[in-house]
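J.: My structure is stored as query23.txt, with compact mmCIF, N, CA and C atoms.
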# COMPACT_ATOMS: atom_id res chain seq x y z
N MET A 139 -47.09 2.16 5.46
CA MET A 139 -45.74 2.67 5.21
C MET A 139 -45.41 2.44 3.73
N SER A 140 -44.95 3.47 3.07
CA SER A 140 -44.68 3.36 1.64
C SER A 140 -43.38 2.60 1.39
N ILE A 141 -43.29 2.00 0.23
CA ILE A 141 -42.07 1.26 -0.16
C ILE A 141 -40.88 2.21 -0.26
N ARG A 142 -41.13 3.45 -0.69
CA ARG A 142 -40.06 4.44 -0.80
C ARG A 142 -39.46 4.74 0.58
N LEU A 143 -40.29 4.86 1.60
CA LEU A 143 -39.82 5.13 2.95
C LEU A 143 -39.01 3.96 3.49
N VAL A 144 -39.48 2.73 3.23
CA VAL A 144 -38.77 1.54 3.68
C VAL A 144 -37.40 1.45 3.00
N LEU A 145 -37.36 1.68 1.70
CA LEU A 145 -36.10 1.63 0.97
C LEU A 145 -35.14 2.73 1.43
N SER A 146 -35.66 3.92 1.70
CA SER A 146 -34.82 5.01 2.19
C SER A 146 -34.23 4.68 3.55
N ALA A 147 -35.04 4.11 4.43
CA ALA A 147 -34.55 3.72 5.76
C ALA A 147 -33.50 2.64 5.66
N ALA A 148 -33.72 1.66 4.79
CA ALA A 148 -32.74 0.58 4.61
C ALA A 148 -31.44 1.13 4.04
N ALA A 149 -31.52 2.03 3.08
CA ALA A 149 -30.31 2.62 2.50
C ALA A 149 -29.56 3.43 3.54
N GLY A 150 -30.28 4.18 4.37
CA GLY A 150 -29.64 4.95 5.43
C GLY A 150 -28.94 4.06 6.44
N ALA A 151 -29.58 2.95 6.82
CA ALA A 151 -28.97 2.01 7.76
C ALA A 151 -27.71 1.39 7.17
N LEU A 152 -27.75 1.02 5.90
CA LEU A 152 -26.56 0.46 5.25
C LEU A 152 -25.43 1.48 5.18
N ALA A 153 -25.76 2.74 4.93
CA ALA A 153 -24.74 3.78 4.87
C ALA A 153 -24.07 3.96 6.24
N LEU A 154 -24.87 3.92 7.30
CA LEU A 154 -24.31 4.03 8.65
C LEU A 154 -23.41 2.84 8.97
N LEU A 155 -23.84 1.65 8.61
CA LEU A 155 -23.03 0.45 8.87
C LEU A 155 -21.73 0.50 8.07
N ALA A 156 -21.80 0.96 6.85
CA ALA A 156 -20.59 1.04 6.01
C ALA A 156 -19.63 2.10 6.54
N ALA A 157 -20.16 3.17 7.09
CA ALA A 157 -19.30 4.25 7.59
C ALA A 157 -18.63 3.88 8.90
N ALA A 158 -19.24 3.05 9.72
CA ALA A 158 -18.67 2.71 11.02
C ALA A 158 -17.30 2.05 10.91
N PRO A 159 -17.11 0.99 10.10
CA PRO A 159 -15.77 0.41 10.00
C PRO A 159 -14.75 1.38 9.41
N ALA A 160 -15.18 2.26 8.51
CA ALA A 160 -14.25 3.22 7.92
C ALA A 160 -13.72 4.17 8.99
N ALA A 161 -14.57 4.57 9.91
CA ALA A 161 -14.13 5.46 10.97
C ALA A 161 -13.14 4.74 11.89
N GLN A 162 -13.37 3.46 12.14
CA GLN A 162 -12.47 2.70 12.99
C GLN A 162 -11.17 2.40 12.28
N ALA A 163 -11.17 2.45 10.96
CA ALA A 163 -9.97 2.10 10.21
C ALA A 163 -8.94 3.23 10.19
N ALA A 164 -9.30 4.40 10.71
CA ALA A 164 -8.34 5.50 10.76
C ALA A 164 -7.22 5.16 11.73
N ALA A 165 -6.01 5.54 11.39
CA ALA A 165 -4.84 5.23 12.23
C ALA A 165 -4.22 6.52 12.75
N PRO A 166 -3.42 6.42 13.81
CA PRO A 166 -2.81 7.60 14.41
C PRO A 166 -1.90 8.40 13.49
N GLY A 167 -1.40 7.84 12.44
CA GLY A 167 -0.59 8.61 11.50
C GLY A 167 0.79 8.04 11.29
N GLY A 168 1.49 8.63 10.37
CA GLY A 168 2.82 8.19 10.02
C GLY A 168 3.22 8.80 8.71
N SER A 169 4.34 8.35 8.18
CA SER A 169 4.81 8.84 6.89
C SER A 169 5.54 7.71 6.17
N VAL A 170 5.62 7.84 4.87
CA VAL A 170 6.36 6.87 4.06
C VAL A 170 6.95 7.60 2.86
N THR A 171 8.21 7.27 2.54
CA THR A 171 8.85 7.83 1.35
C THR A 171 9.34 6.69 0.47
N VAL A 172 9.58 7.00 -0.79
CA VAL A 172 10.13 6.05 -1.75
C VAL A 172 11.40 6.67 -2.32
N ASP A 173 12.49 5.92 -2.29
CA ASP A 173 13.73 6.41 -2.89
C ASP A 173 13.53 6.62 -4.39
N ARG A 174 14.23 7.60 -4.95
CA ARG A 174 14.03 7.98 -6.35
C ARG A 174 14.68 7.01 -7.34
N VAL A 175 15.47 6.05 -6.86
CA VAL A 175 16.10 5.06 -7.73
C VAL A 175 15.77 3.66 -7.20
N GLY A 176 15.32 2.79 -8.10
CA GLY A 176 15.07 1.38 -7.78
C GLY A 176 15.84 0.53 -8.78
N HIS A 177 15.72 -0.78 -8.65
CA HIS A 177 16.45 -1.69 -9.54
C HIS A 177 15.52 -2.74 -10.11
N VAL A 178 15.78 -3.13 -11.34
CA VAL A 178 15.06 -4.21 -11.98
C VAL A 178 16.08 -5.08 -12.72
N SER A 179 16.03 -6.39 -12.48
CA SER A 179 16.97 -7.30 -13.13
C SER A 179 16.32 -7.94 -14.35
N ALA A 180 17.13 -8.63 -15.14
CA ALA A 180 16.66 -9.25 -16.37
C ALA A 180 15.57 -10.29 -16.12
N ASP A 181 15.59 -10.94 -14.93
CA ASP A 181 14.57 -11.96 -14.63
C ASP A 181 13.29 -11.37 -14.05
N GLY A 182 13.17 -10.02 -13.98
CA GLY A 182 11.97 -9.38 -13.49
C GLY A 182 11.95 -9.12 -12.00
N THR A 183 13.09 -9.27 -11.33
CA THR A 183 13.16 -8.96 -9.91
C THR A 183 13.30 -7.45 -9.73
N VAL A 184 12.38 -6.89 -8.96
CA VAL A 184 12.36 -5.45 -8.72
C VAL A 184 12.70 -5.20 -7.25
N SER A 185 13.58 -4.23 -7.00
CA SER A 185 13.95 -3.84 -5.63
C SER A 185 13.63 -2.37 -5.44
N LEU A 186 12.88 -2.07 -4.38
CA LEU A 186 12.49 -0.71 -4.04
C LEU A 186 12.84 -0.45 -2.59
N SER A 187 13.00 0.82 -2.23
CA SER A 187 13.34 1.15 -0.86
C SER A 187 12.85 2.55 -0.52
N GLY A 188 12.97 2.90 0.76
CA GLY A 188 12.57 4.21 1.23
C GLY A 188 12.61 4.25 2.75
N THR A 189 11.85 5.16 3.33
CA THR A 189 11.77 5.27 4.78
C THR A 189 10.30 5.31 5.20
N TYR A 190 10.04 5.03 6.48
CA TYR A 190 8.69 5.12 7.02
C TYR A 190 8.77 5.45 8.50
N SER A 191 7.68 5.94 9.03
CA SER A 191 7.48 6.04 10.47
C SER A 191 6.00 5.85 10.75
N CYS A 192 5.70 5.29 11.90
CA CYS A 192 4.33 5.10 12.34
C CYS A 192 4.33 4.93 13.85
N SER A 193 3.18 5.14 14.45
CA SER A 193 3.07 4.95 15.89
C SER A 193 1.64 4.54 16.22
N GLY A 194 1.48 3.97 17.41
CA GLY A 194 0.15 3.62 17.88
C GLY A 194 -0.44 2.36 17.30
N ALA A 195 0.35 1.50 16.70
CA ALA A 195 -0.18 0.26 16.13
C ALA A 195 -0.52 -0.73 17.24
N GLU A 196 -1.67 -1.36 17.13
CA GLU A 196 -2.10 -2.38 18.07
C GLU A 196 -1.87 -3.79 17.53
N GLY A 197 -1.71 -3.90 16.22
CA GLY A 197 -1.50 -5.18 15.58
C GLY A 197 -0.26 -5.12 14.70
N PRO A 198 0.03 -6.21 13.99
CA PRO A 198 1.20 -6.21 13.10
C PRO A 198 1.03 -5.18 11.98
N ALA A 199 2.14 -4.53 11.62
CA ALA A 199 2.13 -3.51 10.57
C ALA A 199 3.17 -3.85 9.52
N PHE A 200 2.94 -3.39 8.31
CA PHE A 200 3.79 -3.72 7.18
C PHE A 200 3.95 -2.51 6.26
N VAL A 201 5.07 -2.47 5.53
CA VAL A 201 5.26 -1.52 4.45
C VAL A 201 5.16 -2.32 3.16
N SER A 202 4.14 -2.02 2.37
CA SER A 202 3.98 -2.69 1.08
C SER A 202 4.35 -1.71 -0.02
N SER A 203 4.69 -2.24 -1.17
CA SER A 203 5.02 -1.37 -2.30
C SER A 203 4.52 -2.00 -3.59
N SER A 204 4.26 -1.15 -4.56
CA SER A 204 3.82 -1.62 -5.87
C SER A 204 4.35 -0.68 -6.94
N VAL A 205 4.41 -1.19 -8.15
CA VAL A 205 4.87 -0.40 -9.29
C VAL A 205 3.85 -0.55 -10.41
N ARG A 206 3.62 0.52 -11.14
CA ARG A 206 2.66 0.48 -12.25
C ARG A 206 3.22 -0.40 -13.36
N ASP A 207 2.38 -1.26 -13.91
CA ASP A 207 2.75 -2.17 -14.99
C ASP A 207 3.07 -1.39 -16.26
N ALA A 208 4.18 -1.73 -16.92
CA ALA A 208 4.61 -1.02 -18.13
C ALA A 208 3.68 -1.30 -19.31
N GLU A 209 3.13 -2.50 -19.38
CA GLU A 209 2.28 -2.87 -20.52
C GLU A 209 0.82 -2.50 -20.29
N ASN A 210 0.38 -2.47 -19.04
CA ASN A 210 -1.00 -2.17 -18.70
C ASN A 210 -1.02 -1.13 -17.58
N PRO A 211 -1.11 0.15 -17.89
CA PRO A 211 -1.02 1.21 -16.88
C PRO A 211 -2.12 1.17 -15.83
N ASN A 212 -3.19 0.42 -16.06
CA ASN A 212 -4.26 0.30 -15.07
C ASN A 212 -3.96 -0.78 -14.02
N LEU A 213 -2.84 -1.46 -14.17
CA LEU A 213 -2.47 -2.57 -13.29
C LEU A 213 -1.24 -2.19 -12.47
N ARG A 214 -1.26 -2.52 -11.19
CA ARG A 214 -0.10 -2.32 -10.32
C ARG A 214 0.42 -3.69 -9.92
N ARG A 215 1.74 -3.82 -9.88
CA ARG A 215 2.40 -5.07 -9.49
C ARG A 215 2.96 -4.92 -8.08
N GLY A 216 2.54 -5.81 -7.17
CA GLY A 216 3.04 -5.78 -5.81
C GLY A 216 4.51 -6.18 -5.76
N ILE A 217 5.28 -5.41 -5.00
CA ILE A 217 6.71 -5.69 -4.86
C ILE A 217 7.00 -5.89 -3.37
N GLY A 218 6.84 -7.10 -2.92
CA GLY A 218 7.21 -7.48 -1.56
C GLY A 218 6.54 -6.72 -0.45
N GLY A 219 6.99 -6.99 0.76
CA GLY A 219 6.48 -6.34 1.96
C GLY A 219 7.50 -6.47 3.08
N THR A 220 7.54 -5.47 3.94
CA THR A 220 8.47 -5.44 5.06
C THR A 220 7.68 -5.25 6.34
N ARG A 221 8.03 -5.98 7.38
CA ARG A 221 7.38 -5.79 8.68
C ARG A 221 7.77 -4.41 9.22
N ALA A 222 6.81 -3.65 9.68
CA ALA A 222 7.05 -2.29 10.18
C ALA A 222 7.08 -2.28 11.71
N VAL A 223 7.94 -1.44 12.26
CA VAL A 223 8.02 -1.19 13.70
C VAL A 223 7.40 0.18 13.93
N CYS A 224 6.26 0.23 14.57
CA CYS A 224 5.53 1.49 14.76
C CYS A 224 5.84 2.10 16.12
N ASP A 225 7.06 2.61 16.25
CA ASP A 225 7.52 3.21 17.51
C ASP A 225 7.70 4.72 17.39
N GLY A 226 7.26 5.32 16.30
CA GLY A 226 7.37 6.75 16.09
C GLY A 226 8.68 7.19 15.45
N ALA A 227 9.67 6.31 15.42
CA ALA A 227 10.97 6.65 14.82
C ALA A 227 10.95 6.38 13.32
N GLU A 228 11.89 7.02 12.60
CA GLU A 228 12.02 6.77 11.17
C GLU A 228 12.87 5.52 10.96
N HIS A 229 12.38 4.65 10.07
CA HIS A 229 13.07 3.39 9.74
C HIS A 229 13.20 3.27 8.23
N ALA A 230 14.17 2.50 7.77
CA ALA A 230 14.32 2.19 6.35
C ALA A 230 13.49 0.95 6.02
N TRP A 231 12.98 0.90 4.79
CA TRP A 231 12.33 -0.31 4.29
C TRP A 231 12.97 -0.67 2.95
N HIS A 232 12.94 -1.96 2.64
CA HIS A 232 13.47 -2.45 1.37
C HIS A 232 12.62 -3.65 0.97
N ASN A 233 11.98 -3.57 -0.18
CA ASN A 233 11.13 -4.66 -0.68
C ASN A 233 11.67 -5.16 -2.01
N THR A 234 11.59 -6.47 -2.19
CA THR A 234 12.00 -7.11 -3.43
C THR A 234 10.91 -8.09 -3.85
N GLY A 235 10.62 -8.10 -5.14
CA GLY A 235 9.63 -9.03 -5.67
C GLY A 235 9.86 -9.25 -7.14
N GLN A 236 9.29 -10.34 -7.64
CA GLN A 236 9.47 -10.69 -9.05
C GLN A 236 8.15 -10.49 -9.79
N VAL A 237 8.24 -9.89 -10.96
CA VAL A 237 7.07 -9.64 -11.80
C VAL A 237 7.23 -10.39 -13.11
N PRO A 238 6.12 -10.62 -13.84
CA PRO A 238 6.22 -11.30 -15.13
C PRO A 238 7.08 -10.53 -16.12
N GLU A 239 7.68 -11.26 -17.03
CA GLU A 239 8.54 -10.65 -18.05
C GLU A 239 7.80 -9.55 -18.79
N GLY A 240 8.44 -8.39 -18.92
CA GLY A 240 7.86 -7.27 -19.65
C GLY A 240 6.95 -6.38 -18.82
N ALA A 241 6.60 -6.79 -17.60
CA ALA A 241 5.68 -6.00 -16.78
C ALA A 241 6.36 -4.74 -16.24
N VAL A 242 7.64 -4.83 -15.96
CA VAL A 242 8.40 -3.68 -15.44
C VAL A 242 9.71 -3.63 -16.20
N GLU A 243 10.00 -2.49 -16.78
CA GLU A 243 11.21 -2.31 -17.57
C GLU A 243 12.08 -1.22 -16.95
N PRO A 244 13.39 -1.23 -17.24
CA PRO A 244 14.23 -0.12 -16.79
C PRO A 244 13.70 1.20 -17.35
N GLY A 245 13.83 2.26 -16.56
CA GLY A 245 13.35 3.58 -16.95
C GLY A 245 12.44 4.14 -15.88
N GLU A 246 11.67 5.15 -16.26
CA GLU A 246 10.75 5.81 -15.33
C GLU A 246 9.59 4.88 -14.97
N ALA A 247 9.22 4.89 -13.69
CA ALA A 247 8.09 4.09 -13.23
C ALA A 247 7.44 4.76 -12.03
N GLU A 248 6.14 4.57 -11.87
CA GLU A 248 5.42 5.11 -10.72
C GLU A 248 5.34 4.03 -9.64
N VAL A 249 5.80 4.39 -8.44
CA VAL A 249 5.82 3.47 -7.31
C VAL A 249 4.92 4.02 -6.22
N GLU A 250 4.20 3.13 -5.57
CA GLU A 250 3.39 3.50 -4.41
C GLU A 250 3.82 2.66 -3.23
N ALA A 251 3.94 3.28 -2.05
CA ALA A 251 4.26 2.57 -0.82
C ALA A 251 3.19 2.89 0.22
N THR A 252 2.87 1.90 1.06
CA THR A 252 1.82 2.06 2.06
C THR A 252 2.26 1.42 3.37
N VAL A 253 2.00 2.10 4.48
CA VAL A 253 2.18 1.52 5.81
C VAL A 253 0.80 1.11 6.28
N LEU A 254 0.60 -0.19 6.47
CA LEU A 254 -0.69 -0.77 6.79
C LEU A 254 -0.59 -1.62 8.04
N GLU A 255 -1.52 -1.42 8.95
CA GLU A 255 -1.60 -2.22 10.18
C GLU A 255 -2.80 -3.16 10.08
N LEU A 256 -2.65 -4.36 10.61
CA LEU A 256 -3.78 -5.29 10.74
C LEU A 256 -4.20 -5.25 12.20
N ALA A 257 -5.10 -4.33 12.52
CA ALA A 257 -5.50 -4.08 13.90
C ALA A 257 -6.57 -5.06 14.34
N PRO A 258 -6.46 -5.58 15.56
CA PRO A 258 -7.48 -6.50 16.07
C PRO A 258 -8.78 -5.73 16.36
N GLU A 259 -9.86 -6.17 15.79
CA GLU A 259 -11.16 -5.52 15.99
C GLU A 259 -12.23 -6.60 16.05
N GLY A 260 -12.72 -6.90 17.23
CA GLY A 260 -13.76 -7.91 17.37
C GLY A 260 -13.28 -9.30 16.96
N GLY A 261 -12.00 -9.60 17.16
CA GLY A 261 -11.48 -10.91 16.83
C GLY A 261 -11.00 -11.05 15.39
N LEU A 262 -11.21 -10.03 14.59
CA LEU A 262 -10.77 -10.08 13.19
C LEU A 262 -9.78 -8.96 12.91
N PRO A 263 -8.79 -9.19 12.04
CA PRO A 263 -7.87 -8.11 11.69
C PRO A 263 -8.54 -7.10 10.75
N VAL A 264 -8.47 -5.83 11.13
CA VAL A 264 -9.05 -4.75 10.33
C VAL A 264 -7.90 -3.90 9.80
N PRO A 265 -7.85 -3.63 8.49
CA PRO A 265 -6.75 -2.81 7.96
C PRO A 265 -6.87 -1.37 8.41
N ARG A 266 -5.75 -0.82 8.90
CA ARG A 266 -5.66 0.60 9.25
C ARG A 266 -4.45 1.17 8.51
N PHE A 267 -4.71 2.18 7.71
CA PHE A 267 -3.64 2.81 6.93
C PHE A 267 -2.98 3.90 7.76
N HIS A 268 -1.68 3.80 7.94
CA HIS A 268 -0.93 4.81 8.66
C HIS A 268 -0.35 5.85 7.71
N ALA A 269 0.04 5.44 6.50
CA ALA A 269 0.61 6.38 5.54
C ALA A 269 0.63 5.75 4.16
N THR A 270 0.57 6.59 3.15
CA THR A 270 0.72 6.13 1.78
C THR A 270 1.42 7.25 0.99
N GLY A 271 2.21 6.85 0.02
CA GLY A 271 2.91 7.83 -0.79
C GLY A 271 3.22 7.30 -2.17
N GLN A 272 3.29 8.19 -3.13
CA GLN A 272 3.65 7.84 -4.50
C GLN A 272 4.89 8.61 -4.92
N GLN A 273 5.68 7.98 -5.77
CA GLN A 273 6.91 8.63 -6.24
C GLN A 273 7.23 8.10 -7.63
N ASP A 274 7.58 8.98 -8.54
CA ASP A 274 8.13 8.54 -9.82
C ASP A 274 9.59 8.20 -9.56
N VAL A 275 10.00 7.02 -9.96
CA VAL A 275 11.37 6.56 -9.71
C VAL A 275 12.04 6.18 -11.03
N LEU A 276 13.34 6.11 -10.99
CA LEU A 276 14.12 5.61 -12.11
C LEU A 276 14.51 4.17 -11.77
N LEU A 277 14.01 3.22 -12.55
CA LEU A 277 14.41 1.82 -12.36
C LEU A 277 15.64 1.56 -13.21
N VAL A 278 16.71 1.18 -12.53
CA VAL A 278 17.99 0.94 -13.17
C VAL A 278 18.16 -0.56 -13.40
N ALA A 279 18.60 -0.94 -14.59
CA ALA A 279 18.85 -2.34 -14.88
C ALA A 279 20.05 -2.85 -14.08
N GLY A 280 19.93 -4.04 -13.57
CA GLY A 280 21.03 -4.62 -12.80
C GLY A 280 20.68 -6.00 -12.29
N ASP A 281 21.64 -6.66 -11.70
CA ASP A 281 21.40 -8.01 -11.18
C ASP A 281 21.17 -8.01 -9.70
Could you write out this structure as structure tokens?
T.:
Amino acid sequence: MSIRLVLSAAAGALALLAAAPAAQAAAPGGSVTVDRVGHVSADGTVSLSGTYSCSGAEGPAFVSSSVRDAENPNLRRGIGGTRAVCDGAEHAWHNTGQVPEGAVEPGEAEVEATVLELAPEGGLPVPRFHATGQQDVLLVAGD
């Protein structure tokens, strides 16, 4: 048996193993929105909000949010998390978090929100994404 054949078989087996959890990570669906206005205070506290819906969750679910860093556009800053109720109805979410000074400034900012479930799979929590969305928002200075 040639080394090329052995390496090809091993690569194929790894690809199948890698694809299996990804297929299981699919979720029944949902939606998430981000309000067009958020708030940032002088101490770096950022408040974001929006709506979400999800259904079919088997484990705990959350709405997370992040904002693109003003000084380093390749970096996103996490802004809190809200426990999600995946009953198919639309719910409001509101996340608050503090970022380092200068990381988020008043003005235009890109925000991303995600509805994520930690589904039980073989005794371990496996992330299942129900929805994700991006929105350019206006961050207003305030306390």
J.: Interatomic distance between atom C of Gly176 in chain A and atom N of Phe267 in chain A?
T.: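 Taking atom C of Gly176 in chain A and atom N of Phe267 in chain A, their separation equals 26.4 Å.
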J.: Residues within 6 Å of range 209-212 of chain A, please, as a ChimeraX atom specification. Count all atoms listed in the file; anything in the same chain fewer than 2 positions from it doesn't count.
T.: /A:206-207,214,240-241
J.: Using CA of Ile217 in chain A and CA of Glu259 in chain A as the two end points, give the distance in Å to one decimal.
T.: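 Result for CA of Ile217 in chain A versus CA of Glu259 in chain A: 27.5 Å, one decimal.
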J.: Determine which residues of range 172-231 of chain A receive a DSSP assignment of strand (DSSP E or B), computed from the backbone, and state them as number ranges by chain.
T.: A: 175-178, 183-193, 199-206, 214-222, 225, 229-231
J.: Just to confirm, what's the straight-line distance from CA of Val275 in chain A to CA of His229 in chain A in Å (one decimal)?
T.: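 Pair CA of Val275 in chain A / CA of His229 in chain A returns 19.8 Å.
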J.: Mind checking which residues fall within 6.5 Å of Glu250 in chain A, counting only N, CA and C atoms, ignoring those fewer than 6 positions away in the same chain, and posting them as a list in words?
T.: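 The residues that qualify are Ser202, Ser203, Ser204, Val205, Arg206, Gly271, Gln272 and Gln273 of chain A.
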J.: Generate N, CA, C and O atoms for range 227-247 of chain A and emit them as a CSV table (one decimal), keeping the file's coordinate frame.
T.:
chain,number,residue,atom,x,y,z
A,227,ALA,N,9.7,6.3,15.4
A,227,ALA,CA,11.0,6.6,14.8
A,227,ALA,C,11.0,6.4,13.3
A,227,ALA,O,10.1,5.6,12.8
A,228,GLU,N,11.9,7.0,12.6
A,228,GLU,CA,12.0,6.8,11.2
A,228,GLU,C,12.9,5.5,11.0
A,228,GLU,O,13.9,5.3,11.6
A,229,HIS,N,12.4,4.6,10.1
A,229,HIS,CA,13.1,3.4,9.7
A,229,HIS,C,13.2,3.3,8.2
A,229,HIS,O,12.4,3.8,7.5
A,230,ALA,N,14.2,2.5,7.8
A,230,ALA,CA,14.3,2.2,6.4
A,230,ALA,C,13.5,1.0,6.0
A,230,ALA,O,13.3,0.1,6.8
A,231,TRP,N,13.0,0.9,4.8
A,231,TRP,CA,12.3,-0.3,4.3
A,231,TRP,C,13.0,-0.7,3.0
A,231,TRP,O,13.5,0.2,2.2
A,232,HIS,N,12.9,-2.0,2.6
A,232,HIS,CA,13.5,-2.4,1.4
A,232,HIS,C,12.6,-3.6,1.0
A,232,HIS,O,12.5,-4.6,1.7
A,233,ASN,N,12.0,-3.6,-0.2
A,233,ASN,CA,11.1,-4.7,-0.7
A,233,ASN,C,11.7,-5.2,-2.0
A,233,ASN,O,12.1,-4.4,-2.8
A,234,THR,N,11.6,-6.5,-2.2
A,234,THR,CA,12.0,-7.1,-3.4
A,234,THR,C,10.9,-8.1,-3.8
A,234,THR,O,10.4,-8.8,-3.0
A,235,GLY,N,10.6,-8.1,-5.1
A,235,GLY,CA,9.6,-9.0,-5.7
A,235,GLY,C,9.9,-9.2,-7.1
A,235,GLY,O,10.5,-8.5,-7.8
A,236,GLN,N,9.3,-10.3,-7.6
A,236,GLN,CA,9.5,-10.7,-9.0
A,236,GLN,C,8.2,-10.5,-9.8
A,236,GLN,O,7.1,-10.9,-9.3
A,237,VAL,N,8.2,-9.9,-11.0
A,237,VAL,CA,7.1,-9.6,-11.8
A,237,VAL,C,7.2,-10.4,-13.1
A,237,VAL,O,8.3,-10.8,-13.5
A,238,PRO,N,6.1,-10.6,-13.8
A,238,PRO,CA,6.2,-11.3,-15.1
A,238,PRO,C,7.1,-10.5,-16.1
A,238,PRO,O,7.2,-9.3,-16.0
A,239,GLU,N,7.7,-11.3,-17.0
A,239,GLU,CA,8.5,-10.6,-18.0
A,239,GLU,C,7.8,-9.6,-18.8
A,239,GLU,O,6.7,-9.7,-19.2
A,240,GLY,N,8.4,-8.4,-18.9
A,240,GLY,CA,7.9,-7.3,-19.6
A,240,GLY,C,7.0,-6.4,-18.8
A,240,GLY,O,6.6,-5.3,-19.3
A,241,ALA,N,6.6,-6.8,-17.6
A,241,ALA,CA,5.7,-6.0,-16.8
A,241,ALA,C,6.4,-4.7,-16.2
A,241,ALA,O,5.7,-3.7,-16.0
A,242,VAL,N,7.6,-4.8,-16.0
A,242,VAL,CA,8.4,-3.7,-15.4
A,242,VAL,C,9.7,-3.6,-16.2
A,242,VAL,O,10.4,-4.6,-16.3
A,243,GLU,N,10.0,-2.5,-16.8
A,243,GLU,CA,11.2,-2.3,-17.6
A,243,GLU,C,12.1,-1.2,-17.0
A,243,GLU,O,11.6,-0.4,-16.2
A,244,PRO,N,13.4,-1.2,-17.2
A,244,PRO,CA,14.2,-0.1,-16.8
A,244,PRO,C,13.7,1.2,-17.4
A,244,PRO,O,13.2,1.3,-18.5
A,245,GLY,N,13.8,2.3,-16.6
A,245,GLY,CA,13.4,3.6,-17.0
A,245,GLY,C,12.4,4.1,-15.9
A,245,GLY,O,12.4,3.7,-14.7
A,246,GLU,N,11.7,5.2,-16.3
A,246,GLU,CA,10.8,5.8,-15.3
A,246,GLU,C,9.6,4.9,-15.0
A,246,GLU,O,9.1,4.2,-15.8
A,247,ALA,N,9.2,4.9,-13.7
A,247,ALA,CA,8.1,4.1,-13.2
A,247,ALA,C,7.4,4.8,-12.0
A,247,ALA,O,8.1,5.5,-11.3
